[in-house]
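*Asks:* Could you have a look at this structure, given as structure tokens, before my questions?
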Amino acid sequence: MRILLISQYFAPEITAAPLRLRPLAAGLAARGHQVEVISELPSHPGGVVYPGFRAKPIQRRELDGCRVSYVWAWPARSKSAPSRHAANASYAESATEAGALARRQDVVLASSPPLSVGLVGTLLAHRHRVPWVFDVRDLWPQVAGELGKVRSSRALSVAAALERHLYRGAAAITTTTEPFREHVGRFTDPTKVTVIPNGTTREWMEVGEAEVDRVSVGLEPGRFVWTYAGNVGLSQGLEVAVDAAGLLGTDFQLLILGDGASRPELQQIAAGSPPGTVIFRDPLPPLEAARLMRASDALLVSLADKPALGKTVPVKLYDSAALGRPVVVAAPGEPKRISEESGAALTVPPGDAKALAGAIRGLRDDNGLGSRLALAARDFAAANLREDGVARMESALDAARRSRGARSG
């Protein structure tokens with residue numbers, strides 16, 4: 001198949017989208033499919049275009065057997081709504097233009113969020129007269145409304161109408177959890193929805209098998225270091241972790257590895273804690289981040305206590321589990337359920353700083369607990385590899401392609 005993948009975010013950006021989509025794209029290419037990706041010039045999350053991507057409004061490169069076209073989009077240096085809207089709209093325009101000029105495809109795969117990517121998928125499918133598949137990684141606009149990113153009731157209503165229109169128009173839909181499938185199935189034929197869970201990779205599993213010297217990655221040897229790695233935004237609810245770090249005191253250190261809209265506020269909150277109990281570092285390439293996480297004493301997966309967020313399972317849960325360190329999950333819904341059923345992580349209620357501090361202290365004081373959690377986490381990760389989702393994605397794309405052929409016949 002000739003597959004056109006539309007995703008605003010792709011490698012080398014360090015976000016959840018590339019972590020999910022890059023192994024899928026590479027796996028499809030390894031199976032003999034021709035995969036072309038259209039992504040923004042990498043600038044997320046800092047809003048500055050990465051070095052080496054500055055010269056042209058569109059650049060084409062080969063990555064993992066795929067042809068990637070990086071197109072211009074407004075770099076969102078501010079996390080304000082107007083800045084985000086400008087970034088999304090400019091990418092949609094650039095991606096539509098580039099996709100319209102691309103060679104004929106067999107199927108279009110559009111991965112959201114943002115929701116506007118679905119519109120690009122619709123337009124390009126019409127342009128090439130092929131079906132399109134909608135990959136739904138988050139429930140928008142529900143998340144935006146719950147977190148206050150979009151406050152206008154009219155704007156939320158329009159976005160919800162667009163969401164339903166896209167679900168109905170897609171030949172097939174892929175998503176990451178059963179609650180997502182149930183939500184999507186309320187607005188379209190549920191039989192066309194396939195669940196392809198997030199997972200980890202064999203590379204992360206390999207990092208979890210190696211010992212990493214703490215000093216070599218800049219960690220203090222004398223403290224119990226618990227690390228959060230990923231986006232630092234409203235969805236993560238990390239102010240609770242910072243509060244917990246203040247309760248734990250100077251024998252412990254919370255490392256927040258990443259960037260995002262909430263980082264400046266979190267740094268202000270952390271300024272009131274004892275020195276060194278909370279430190280921040282800028283994002284690292286995935287496998288460098290993995291080594292630092294492996295050298296930590298415990299890992300944190302955190303989500304704000306919002307209904308829509310409780311329906312997702314972050315990539316970082318699977319990646320953290322792969323590293324052979326005890327994981328603490330402070331999240332509602334599916335992450336909590338999966339962690340408890342698998343035994344892969346210690347769970348605490350989201351929003352409860354005292355409970356979180358108690359869990360971290362308990363791991364420091366009970367080496368046996370940490371070892372049992374780490375072993376269970378590795379088993380969980382090994383059973384959930386992102387590479388295993390390639391066959392499911394291939395089937396969904398092929399079914400969409402054949403459905404168009406059947407209608408044409």
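Ordered as shown in the structure tokens, chains take letters A, B, and onward, while each chain numbers its residues from 1 and ligands are numbered from 1 in the order shown.
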Where does region 226-326 of chain A meet region 376-391 of chain A within 12 Å, residue by residue, with the nearest atom pair and distance in Å to one decimal for each, counting only C-alpha atoms, listed by chain and rising number, as CSV?

*Replies:*
```
residue,atom,partner,partner_atom,distance
A:Ala298,CA,A:Ala377,CA,12.0
A:Leu299,CA,A:Ala377,CA,11.3
A:Val315,CA,A:Arg386,CA,9.5
A:Lys316,CA,A:Ala381,CA,10.8
A:Leu317,CA,A:Ala381,CA,8.8
A:Tyr318,CA,A:Ala381,CA,5.6
A:Asp319,CA,A:Ala381,CA,7.3
A:Ser320,CA,A:Ala377,CA,8.2
A:Ala321,CA,A:Ala377,CA,4.5
A:Ala322,CA,A:Arg378,CA,5.1
A:Leu323,CA,A:Arg378,CA,7.1
A:Gly324,CA,A:Arg378,CA,5.9
A:Arg325,CA,A:Ala377,CA,7.9
A:Pro326,CA,A:Ala377,CA,7.5
```

*Asks:* Write to file, as an mmCIF file, in the first residue's frame, the residues of the selection just made, with N, CA and C atoms.

*Replies:*
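The file below, out.cif, is the result:
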```cif
data_model
loop_
_atom_site.group_PDB
_atom_site.id
_atom_site.type_symbol
_atom_site.label_atom_id
_atom_site.label_comp_id
_atom_site.auth_asym_id
_atom_site.auth_seq_id
_atom_site.Cartn_x
_atom_site.Cartn_y
_atom_site.Cartn_z
ATOM 1 N N ALA A 298 12.803 5.784 41.389
ATOM 2 C CA ALA A 298 11.393 5.521 41.117
ATOM 3 C C ALA A 298 10.934 6.469 40.014
ATOM 4 N N LEU A 299 9.837 6.103 39.364
ATOM 5 C CA LEU A 299 9.320 6.881 38.242
ATOM 6 C C LEU A 299 7.857 7.231 38.487
ATOM 7 N N VAL A 315 1.675 6.930 26.921
ATOM 8 C CA VAL A 315 2.837 6.161 26.472
ATOM 9 C C VAL A 315 3.834 6.008 27.605
ATOM 10 N N LYS A 316 3.971 7.050 28.422
ATOM 11 C CA LYS A 316 5.005 7.016 29.459
ATOM 12 C C LYS A 316 4.763 5.925 30.487
ATOM 13 N N LEU A 317 3.529 5.440 30.642
ATOM 14 C CA LEU A 317 3.308 4.327 31.567
ATOM 15 C C LEU A 317 4.030 3.080 31.061
ATOM 16 N N TYR A 318 3.892 2.783 29.781
ATOM 17 C CA TYR A 318 4.541 1.605 29.205
ATOM 18 C C TYR A 318 6.065 1.767 29.192
ATOM 19 N N ASP A 319 6.532 2.956 28.799
ATOM 20 C CA ASP A 319 7.978 3.181 28.748
ATOM 21 C C ASP A 319 8.601 3.118 30.139
ATOM 22 N N SER A 320 7.936 3.707 31.118
ATOM 23 C CA SER A 320 8.452 3.656 32.486
ATOM 24 C C SER A 320 8.518 2.217 32.986
ATOM 25 N N ALA A 321 7.480 1.446 32.679
ATOM 26 C CA ALA A 321 7.439 0.054 33.126
ATOM 27 C C ALA A 321 8.573 -0.762 32.522
ATOM 28 N N ALA A 322 9.017 -0.387 31.320
ATOM 29 C CA ALA A 322 10.072 -1.149 30.642
ATOM 30 C C ALA A 322 11.422 -1.033 31.332
ATOM 31 N N LEU A 323 11.594 -0.016 32.168
ATOM 32 C CA LEU A 323 12.934 0.336 32.636
ATOM 33 C C LEU A 323 13.362 -0.363 33.914
ATOM 34 N N GLY A 324 12.510 -1.214 34.477
ATOM 35 C CA GLY A 324 12.939 -1.982 35.642
ATOM 36 C C GLY A 324 13.091 -1.151 36.895
ATOM 37 N N ARG A 325 12.317 -0.093 37.001
ATOM 38 C CA ARG A 325 12.265 0.722 38.206
ATOM 39 C C ARG A 325 10.820 0.766 38.703
ATOM 40 N N PRO A 326 10.599 0.871 40.018
ATOM 41 C CA PRO A 326 9.218 0.957 40.498
ATOM 42 C C PRO A 326 8.534 2.215 39.980
#
```

*Asks:* Pick out the residues sitting within 10 Å of Arg20 (chain A), and hand them over as a CSV table (one decimal) with N, CA, C and O atoms, in the first residue's frame; count only C-alpha atoms, and ignore anything fewer than 4 positions along from it in its own chain.

*Replies:*
```
chain,number,residue,atom,x,y,z
A,10,PHE,N,5.9,14.8,14.7
A,10,PHE,CA,6.7,13.6,14.4
A,10,PHE,C,8.1,13.7,14.8
A,10,PHE,O,8.6,14.8,15.1
A,15,THR,N,7.4,14.1,21.8
A,15,THR,CA,6.1,14.2,22.3
A,15,THR,C,5.5,12.8,22.2
A,15,THR,O,6.0,11.9,21.6
A,16,ALA,N,4.3,12.7,22.7
A,16,ALA,CA,3.6,11.4,22.7
A,16,ALA,C,3.3,10.9,21.3
A,16,ALA,O,3.3,9.7,21.0
A,24,LEU,N,5.1,2.7,14.4
A,24,LEU,CA,4.0,2.2,13.5
A,24,LEU,C,4.4,2.5,12.1
A,24,LEU,O,4.3,1.6,11.2
A,25,ALA,N,4.9,3.7,11.8
A,25,ALA,CA,5.3,4.0,10.4
A,25,ALA,C,6.5,3.2,10.0
A,25,ALA,O,6.5,2.6,8.9
A,137,ARG,N,-5.9,9.8,19.3
A,137,ARG,CA,-5.0,9.5,20.4
A,137,ARG,C,-5.5,10.2,21.7
A,137,ARG,O,-5.0,9.9,22.8
A,176,THR,N,-6.7,4.2,21.1
A,176,THR,CA,-5.7,3.6,22.0
A,176,THR,C,-6.3,2.9,23.2
A,176,THR,O,-5.6,2.1,23.8
A,196,ILE,N,-5.7,0.1,19.1
A,196,ILE,CA,-4.3,-0.2,19.0
A,196,ILE,C,-3.6,0.5,20.2
A,196,ILE,O,-3.3,1.7,20.2
A,197,PRO,N,-3.4,-0.3,21.3
A,197,PRO,CA,-2.9,0.4,22.6
A,197,PRO,C,-1.5,1.0,22.4
A,197,PRO,O,-0.7,0.5,21.5
A,198,ASN,N,-1.3,2.0,23.2
A,198,ASN,CA,0.1,2.5,23.3
A,198,ASN,C,0.9,1.3,23.9
A,198,ASN,O,0.4,0.4,24.5
A,199,GLY,N,2.2,1.4,23.8
A,199,GLY,CA,3.1,0.4,24.3
A,199,GLY,C,4.5,1.0,24.4
A,199,GLY,O,4.8,2.1,24.1
A,200,THR,N,5.4,0.1,24.7
A,200,THR,CA,6.8,0.5,24.7
A,200,THR,C,7.5,-0.1,23.5
A,200,THR,O,6.9,-0.7,22.7
A,201,THR,N,8.9,0.0,23.5
A,201,THR,CA,9.6,-0.6,22.4
A,201,THR,C,10.7,-1.5,22.9
A,201,THR,O,11.1,-1.5,24.1
A,315,VAL,N,1.7,6.9,26.9
A,315,VAL,CA,2.8,6.2,26.5
A,315,VAL,C,3.8,6.0,27.6
A,315,VAL,O,4.5,5.0,27.8
A,386,ARG,N,5.0,-1.5,21.2
A,386,ARG,CA,4.4,-0.7,20.2
A,386,ARG,C,4.6,-1.4,18.8
A,386,ARG,O,3.7,-1.3,17.9
A,387,GLU,N,5.6,-2.2,18.6
A,387,GLU,CA,5.8,-2.9,17.4
A,387,GLU,C,4.7,-3.9,17.1
A,387,GLU,O,4.3,-4.1,15.9
A,389,GLY,N,1.6,-3.4,17.5
A,389,GLY,CA,0.5,-2.7,16.9
A,389,GLY,C,0.5,-2.5,15.4
A,389,GLY,O,-0.5,-2.1,14.8
```

*Asks:* Show which residues sit within 9 Å of Val143 (chain A), as a count of residues only. Count only C-alpha atoms, and ignore same-chain residues fewer than 2 positions away.

*Replies:* 14

*Asks:* Env of region 48-57 of chain A: 10 Å cut, atoms = only C-alpha atoms, seq-sep filter 2 positions within chain, self excluded. Answer as a PDB file with all heavy atoms, in the first residue's frame.

*Replies:*
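Result saved to out.pdb:
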```
ATOM      1  N   PRO A  12      11.912  14.421  14.689  1.00  0.00           N
ATOM      2  CA  PRO A  12      12.594  14.260  15.977  1.00  0.00           C
ATOM      3  C   PRO A  12      11.948  14.977  17.155  1.00  0.00           C
ATOM      4  O   PRO A  12      12.590  15.100  18.200  1.00  0.00           O
ATOM      5  CB  PRO A  12      13.973  14.862  15.683  1.00  0.00           C
ATOM      6  CG  PRO A  12      13.687  15.972  14.724  1.00  0.00           C
ATOM      7  CD  PRO A  12      12.584  15.458  13.847  1.00  0.00           C
ATOM      8  N   GLU A  13      10.710  15.464  17.024  1.00  0.00           N
ATOM      9  CA  GLU A  13      10.070  16.066  18.186  1.00  0.00           C
ATOM     10  C   GLU A  13       9.889  15.021  19.282  1.00  0.00           C
ATOM     11  O   GLU A  13       9.744  13.825  18.998  1.00  0.00           O
ATOM     12  CB  GLU A  13       8.722  16.677  17.799  1.00  0.00           C
ATOM     13  CG  GLU A  13       8.861  17.930  16.947  1.00  0.00           C
ATOM     14  CD  GLU A  13       7.537  18.593  16.651  1.00  0.00           C
ATOM     15  OE1 GLU A  13       6.519  17.886  16.526  1.00  0.00           O
ATOM     16  OE2 GLU A  13       7.515  19.822  16.537  1.00  0.00           O
ATOM     17  N   GLU A  40       4.988  18.893  10.784  1.00  0.00           N
ATOM     18  CA  GLU A  40       5.485  20.256  10.878  1.00  0.00           C
ATOM     19  C   GLU A  40       7.001  20.268  10.983  1.00  0.00           C
ATOM     20  O   GLU A  40       7.623  19.289  11.413  1.00  0.00           O
ATOM     21  CB  GLU A  40       4.887  20.967  12.097  1.00  0.00           C
ATOM     22  CG  GLU A  40       5.388  20.431  13.435  1.00  0.00           C
ATOM     23  CD  GLU A  40       4.871  21.230  14.621  1.00  0.00           C
ATOM     24  OE1 GLU A  40       3.908  22.010  14.467  1.00  0.00           O
ATOM     25  OE2 GLU A  40       5.443  21.073  15.721  1.00  0.00           O
ATOM     26  N   LEU A  41       7.618  21.381  10.587  1.00  0.00           N
ATOM     27  CA  LEU A  41       9.024  21.583  10.917  1.00  0.00           C
ATOM     28  C   LEU A  41       9.156  21.486  12.431  1.00  0.00           C
ATOM     29  O   LEU A  41       8.452  22.183  13.161  1.00  0.00           O
ATOM     30  CB  LEU A  41       9.494  22.955  10.427  1.00  0.00           C
ATOM     31  CG  LEU A  41       9.712  23.107   8.923  1.00  0.00           C
ATOM     32  CD1 LEU A  41       9.937  24.574   8.575  1.00  0.00           C
ATOM     33  CD2 LEU A  41      10.898  22.275   8.458  1.00  0.00           C
ATOM     34  N   PRO A  42      10.003  20.620  12.934  1.00  0.00           N
ATOM     35  CA  PRO A  42       9.993  20.352  14.371  1.00  0.00           C
ATOM     36  C   PRO A  42      10.292  21.584  15.208  1.00  0.00           C
ATOM     37  O   PRO A  42      11.326  22.228  15.040  1.00  0.00           O
ATOM     38  CB  PRO A  42      11.069  19.278  14.531  1.00  0.00           C
ATOM     39  CG  PRO A  42      11.907  19.354  13.311  1.00  0.00           C
ATOM     40  CD  PRO A  42      11.015  19.826  12.217  1.00  0.00           C
ATOM     41  N   SER A  43       9.377  21.902  16.112  1.00  0.00           N
ATOM     42  CA  SER A  43       9.548  23.067  16.990  1.00  0.00           C
ATOM     43  C   SER A  43       8.893  22.853  18.351  1.00  0.00           C
ATOM     44  O   SER A  43       8.959  23.735  19.207  1.00  0.00           O
ATOM     45  CB  SER A  43       8.940  24.318  16.341  1.00  0.00           C
ATOM     46  OG  SER A  43       7.533  24.177  16.205  1.00  0.00           O
ATOM     47  N   HIS A  44       8.260  21.715  18.555  1.00  0.00           N
ATOM     48  CA  HIS A  44       7.496  21.473  19.777  1.00  0.00           C
ATOM     49  C   HIS A  44       8.383  20.765  20.813  1.00  0.00           C
ATOM     50  O   HIS A  44       9.164  19.885  20.449  1.00  0.00           O
ATOM     51  CB  HIS A  44       6.287  20.594  19.440  1.00  0.00           C
ATOM     52  CG  HIS A  44       5.280  20.480  20.521  1.00  0.00           C
ATOM     53  ND1 HIS A  44       4.408  21.487  20.834  1.00  0.00           N
ATOM     54  CD2 HIS A  44       5.008  19.467  21.376  1.00  0.00           C
ATOM     55  CE1 HIS A  44       3.629  21.102  21.822  1.00  0.00           C
ATOM     56  NE2 HIS A  44       3.977  19.884  22.178  1.00  0.00           N
ATOM     57  N   PRO A  45       8.306  21.130  22.103  1.00  0.00           N
ATOM     58  CA  PRO A  45       7.345  22.046  22.700  1.00  0.00           C
ATOM     59  C   PRO A  45       7.853  23.476  22.895  1.00  0.00           C
ATOM     60  O   PRO A  45       7.127  24.330  23.376  1.00  0.00           O
ATOM     61  CB  PRO A  45       7.091  21.407  24.064  1.00  0.00           C
ATOM     62  CG  PRO A  45       8.433  20.815  24.426  1.00  0.00           C
ATOM     63  CD  PRO A  45       9.045  20.356  23.131  1.00  0.00           C
ATOM     64  N   GLY A  46       9.109  23.760  22.560  1.00  0.00           N
ATOM     65  CA  GLY A  46       9.680  25.068  22.893  1.00  0.00           C
ATOM     66  C   GLY A  46       9.281  26.199  21.971  1.00  0.00           C
ATOM     67  O   GLY A  46       9.512  27.372  22.290  1.00  0.00           O
ATOM     68  N   GLN A  59      10.979  20.570   3.908  1.00  0.00           N
ATOM     69  CA  GLN A  59      12.184  19.756   3.780  1.00  0.00           C
ATOM     70  C   GLN A  59      11.785  18.294   3.773  1.00  0.00           C
ATOM     71  O   GLN A  59      10.898  17.875   4.525  1.00  0.00           O
ATOM     72  CB  GLN A  59      13.155  20.027   4.932  1.00  0.00           C
ATOM     73  CG  GLN A  59      13.688  21.445   4.937  1.00  0.00           C
ATOM     74  CD  GLN A  59      14.752  21.644   5.987  1.00  0.00           C
ATOM     75  OE1 GLN A  59      15.584  20.782   6.229  1.00  0.00           O
ATOM     76  NE2 GLN A  59      14.758  22.810   6.606  1.00  0.00           N
ATOM     77  N   TYR A  70       8.645  17.700   6.010  1.00  0.00           N
ATOM     78  CA  TYR A  70       8.448  18.638   7.110  1.00  0.00           C
ATOM     79  C   TYR A  70       8.008  19.970   6.509  1.00  0.00           C
ATOM     80  O   TYR A  70       8.753  20.580   5.733  1.00  0.00           O
ATOM     81  CB  TYR A  70       9.736  18.816   7.910  1.00  0.00           C
ATOM     82  CG  TYR A  70      10.203  17.560   8.609  1.00  0.00           C
ATOM     83  CD1 TYR A  70      11.193  16.752   8.046  1.00  0.00           C
ATOM     84  CD2 TYR A  70       9.665  17.176   9.835  1.00  0.00           C
ATOM     85  CE1 TYR A  70      11.635  15.606   8.687  1.00  0.00           C
ATOM     86  CE2 TYR A  70      10.101  16.034  10.474  1.00  0.00           C
ATOM     87  CZ  TYR A  70      11.088  15.251   9.904  1.00  0.00           C
ATOM     88  OH  TYR A  70      11.519  14.113  10.546  1.00  0.00           O
ATOM     89  N   VAL A  71       6.811  20.433   6.867  1.00  0.00           N
ATOM     90  CA  VAL A  71       6.261  21.649   6.272  1.00  0.00           C
ATOM     91  C   VAL A  71       6.212  22.754   7.323  1.00  0.00           C
ATOM     92  O   VAL A  71       6.197  22.513   8.527  1.00  0.00           O
ATOM     93  CB  VAL A  71       4.856  21.399   5.692  1.00  0.00           C
ATOM     94  CG1 VAL A  71       4.907  20.326   4.599  1.00  0.00           C
ATOM     95  CG2 VAL A  71       3.861  20.997   6.778  1.00  0.00           C
ATOM     96  N   TRP A  72       6.156  23.976   6.827  1.00  0.00           N
ATOM     97  CA  TRP A  72       6.163  25.123   7.733  1.00  0.00           C
ATOM     98  C   TRP A  72       4.876  25.195   8.541  1.00  0.00           C
ATOM     99  O   TRP A  72       3.774  24.959   8.032  1.00  0.00           O
ATOM    100  CB  TRP A  72       6.332  26.419   6.951  1.00  0.00           C
ATOM    101  CG  TRP A  72       6.359  27.622   7.860  1.00  0.00           C
ATOM    102  CD1 TRP A  72       7.435  28.138   8.506  1.00  0.00           C
ATOM    103  CD2 TRP A  72       5.243  28.445   8.244  1.00  0.00           C
ATOM    104  NE1 TRP A  72       7.082  29.222   9.273  1.00  0.00           N
ATOM    105  CE2 TRP A  72       5.734  29.434   9.126  1.00  0.00           C
ATOM    106  CE3 TRP A  72       3.887  28.426   7.920  1.00  0.00           C
ATOM    107  CZ2 TRP A  72       4.918  30.399   9.693  1.00  0.00           C
ATOM    108  CZ3 TRP A  72       3.065  29.384   8.492  1.00  0.00           C
ATOM    109  CH2 TRP A  72       3.578  30.369   9.371  1.00  0.00           C
ATOM    110  N   ALA A  73       5.019  25.521   9.810  1.00  0.00           N
ATOM    111  CA  ALA A  73       3.890  25.844  10.677  1.00  0.00           C
ATOM    112  C   ALA A  73       4.345  26.924  11.644  1.00  0.00           C
ATOM    113  O   ALA A  73       5.529  27.011  11.979  1.00  0.00           O
ATOM    114  CB  ALA A  73       3.406  24.616  11.440  1.00  0.00           C
ATOM    115  N   TRP A  74       3.408  27.734  12.076  1.00  0.00           N
ATOM    116  CA  TRP A  74       3.728  28.810  13.013  1.00  0.00           C
ATOM    117  C   TRP A  74       4.276  28.215  14.307  1.00  0.00           C
ATOM    118  O   TRP A  74       3.586  27.446  14.979  1.00  0.00           O
ATOM    119  CB  TRP A  74       2.480  29.627  13.301  1.00  0.00           C
ATOM    120  CG  TRP A  74       2.718  30.776  14.231  1.00  0.00           C
ATOM    121  CD1 TRP A  74       2.546  30.774  15.573  1.00  0.00           C
ATOM    122  CD2 TRP A  74       3.175  32.089  13.880  1.00  0.00           C
ATOM    123  NE1 TRP A  74       2.873  31.999  16.104  1.00  0.00           N
ATOM    124  CE2 TRP A  74       3.258  32.836  15.081  1.00  0.00           C
ATOM    125  CE3 TRP A  74       3.514  32.707  12.680  1.00  0.00           C
ATOM    126  CZ2 TRP A  74       3.663  34.160  15.103  1.00  0.00           C
ATOM    127  CZ3 TRP A  74       3.914  34.028  12.718  1.00  0.00           C
ATOM    128  CH2 TRP A  74       3.992  34.743  13.906  1.00  0.00           C
ATOM    129  N   PRO A  75       5.507  28.540  14.699  1.00  0.00           N
ATOM    130  CA  PRO A  75       6.051  27.990  15.949  1.00  0.00           C
ATOM    131  C   PRO A  75       5.338  28.593  17.158  1.00  0.00           C
ATOM    132  O   PRO A  75       5.344  29.815  17.342  1.00  0.00           O
ATOM    133  CB  PRO A  75       7.532  28.410  15.919  1.00  0.00           C
ATOM    134  CG  PRO A  75       7.803  28.797  14.491  1.00  0.00           C
ATOM    135  CD  PRO A  75       6.515  29.348  13.973  1.00  0.00           C
ATOM    136  N   ALA A  76       4.704  27.761  17.951  1.00  0.00           N
ATOM    137  CA  ALA A  76       3.917  28.240  19.088  1.00  0.00           C
ATOM    138  C   ALA A  76       4.835  28.508  20.275  1.00  0.00           C
ATOM    139  O   ALA A  76       4.979  27.690  21.179  1.00  0.00           O
ATOM    140  CB  ALA A  76       2.845  27.222  19.450  1.00  0.00           C
ATOM    141  N   ARG A  77       5.464  29.686  20.274  1.00  0.00           N
ATOM    142  CA  ARG A  77       6.356  30.042  21.392  1.00  0.00           C
ATOM    143  C   ARG A  77       5.566  30.296  22.666  1.00  0.00           C
ATOM    144  O   ARG A  77       6.056  30.098  23.764  1.00  0.00           O
ATOM    145  CB  ARG A  77       7.179  31.274  21.010  1.00  0.00           C
ATOM    146  CG  ARG A  77       8.169  31.011  19.875  1.00  0.00           C
ATOM    147  CD  ARG A  77       9.008  32.235  19.570  1.00  0.00           C
ATOM    148  NE  ARG A  77       9.994  31.955  18.536  1.00  0.00           N
ATOM    149  CZ  ARG A  77       9.765  32.031  17.248  1.00  0.00           C
ATOM    150  NH1 ARG A  77       8.559  32.401  16.820  1.00  0.00           N
ATOM    151  NH2 ARG A  77      10.702  31.753  16.374  1.00  0.00           N
ATOM    152  N   SER A  94      -0.453  24.173   5.356  1.00  0.00           N
ATOM    153  CA  SER A  94       0.774  23.689   4.704  1.00  0.00           C
ATOM    154  C   SER A  94       0.684  22.207   4.367  1.00  0.00           C
ATOM    155  O   SER A  94       1.102  21.765   3.287  1.00  0.00           O
ATOM    156  CB  SER A  94       1.980  23.937   5.612  1.00  0.00           C
ATOM    157  OG  SER A  94       2.202  25.318   5.819  1.00  0.00           O
TER     158      SER A  94
END
```

*Asks:* For Gly233 (chain A), list every protein, DNA or RNA residue within 9 Å, evaluated using only C-alpha atoms, and leave out those in the same chain fewer than 5 positions away; present the list as a PyMOL selection string.

*Replies:* chain A and resi 238+259-263

*Asks:* Export, as a short mmCIF file (atom, residue, chain, number, x, y, z; two decimals), in the first residue's frame, the selected residues with C-alpha atoms.

*Replies:*
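This went into part04.cif:
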```cif
data_model
loop_
_atom_site.label_atom_id
_atom_site.label_comp_id
_atom_site.auth_asym_id
_atom_site.auth_seq_id
_atom_site.Cartn_x
_atom_site.Cartn_y
_atom_site.Cartn_z
CA LEU A 238 2.28 18.01 38.37
CA ASP A 259 8.91 21.26 29.06
CA GLY A 260 5.43 22.63 28.55
CA ALA A 261 2.90 25.28 29.46
CA SER A 262 2.92 24.55 33.20
CA ARG A 263 6.66 24.49 33.78
#
```

*Asks:* Counting only C-alpha atoms, which residues of region 31-98 of chain A sit at most 10 Å from some atom of region 103-122 of chain A, and what is each one's closest atom pair with its distance in Å to one decimal, listed by chain and rising residue number, as a tab-separated table?

*Replies:*
```
residue	atom	partner	partner_atom	distance
A:Gln34	CA	A:Gln105	CA	9.2
A:Val35	CA	A:Gln105	CA	9.4
A:Glu36	CA	A:Gln105	CA	9.2
A:Val37	CA	A:Leu109	CA	9.4
A:Ile38	CA	A:Ala110	CA	9.8
A:Arg84	CA	A:Pro114	CA	9.7
A:His85	CA	A:Pro114	CA	9.6
A:Asn88	CA	A:Ser116	CA	7.0
A:Ala89	CA	A:Ser116	CA	7.4
A:Tyr91	CA	A:Val117	CA	8.6
A:Ala92	CA	A:Val120	CA	6.1
A:Glu93	CA	A:Val120	CA	8.1
A:Ser94	CA	A:Val120	CA	9.7
A:Ala95	CA	A:Val120	CA	7.2
A:Thr96	CA	A:Val120	CA	5.8
A:Glu97	CA	A:Val120	CA	9.5
```

*Asks:* I'd like to know which residues of region 115-176 of chain A are strand (DSSP E or B) (by DSSP, run on the backbone); could you write them as a list in words?

*Replies:*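 DSSP on the backbone gives strand (DSSP E or B) at Trp132, Val133, Phe134, Asp135, Val136, Ala172, Ile173, Thr174 and Thr175 of chain A.
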
*Asks:* Can you list, as a PyMOL selection string, every protein, DNA or RNA residue that comes within 12 Å of Val212 (chain A) when you count only C-alpha atoms, leaving out same-chain residues fewer than 6 positions away?

*Replies:* chain A and resi 206+218-219+288-297+323-325

*Asks:* Can you tell me, as a PyMOL selection string, what residues are no more than 10 Å from Lys311 (chain A) when counting only C-alpha atoms, ignoring any on the same chain fewer than 6 positions away?

*Replies:* chain A and resi 138-139+176-181+183+332-335

*Asks:* Rank nothing, just name the residue among A:Asp189, A:Ala26, A:Gly99, A:Ala399 nearest to Glu62 (chain A), using only C-alpha atoms.

*Replies:*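 The closest residue to Glu62 (chain A) is A:Ala26.
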
*Asks:* Do you have the CA of Asp352 (chain A)-CA of Glu265 (chain A) distance handy?

*Replies:*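 Taking CA of Asp352 (chain A) as the start and CA of Glu265 (chain A) as the end point, the length is 18.8 Å.
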
*Asks:* Looking at only C-alpha atoms, which of A:Val193, A:Ile14, A:Ala29, A:Val68 is the one that sits closest to Arg392 (chain A)?

*Replies:*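 Looking only at the distances to Arg392 (chain A), the closest residue turns out to be A:Val193.
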
*Asks:* Write down as a PyMOL selection string the residues of region 50-166 of chain A whose backbone DSSP state falls under alpha helix (DSSP H).

*Replies:* chain A and resi 81-101+116-128+142-147+153-166

*Asks:* Do you have the CA of Leu397 (chain A)-CA of Leu21 (chain A) distance handy?

*Replies:*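 The value is 14.2 Å.
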
*Asks:* Find the distance between CA of Gly65 (chain A) and CA of Leu28 (chain A) and write it in Å to one decimal.

*Replies:*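 Computing it gives 9.1 Å between the two atoms.
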
*Asks:* Measuring atom to atom with only C-alpha atoms, identify which of A:Leu303, A:Leu248, A:Leu101, A:Ala353 is nearest to Asn231 (chain A).

*Replies:*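 Of A:Leu303, A:Leu248, A:Leu101, A:Ala353, the one nearest Asn231 (chain A) is A:Leu303, counting only C-alpha atoms.
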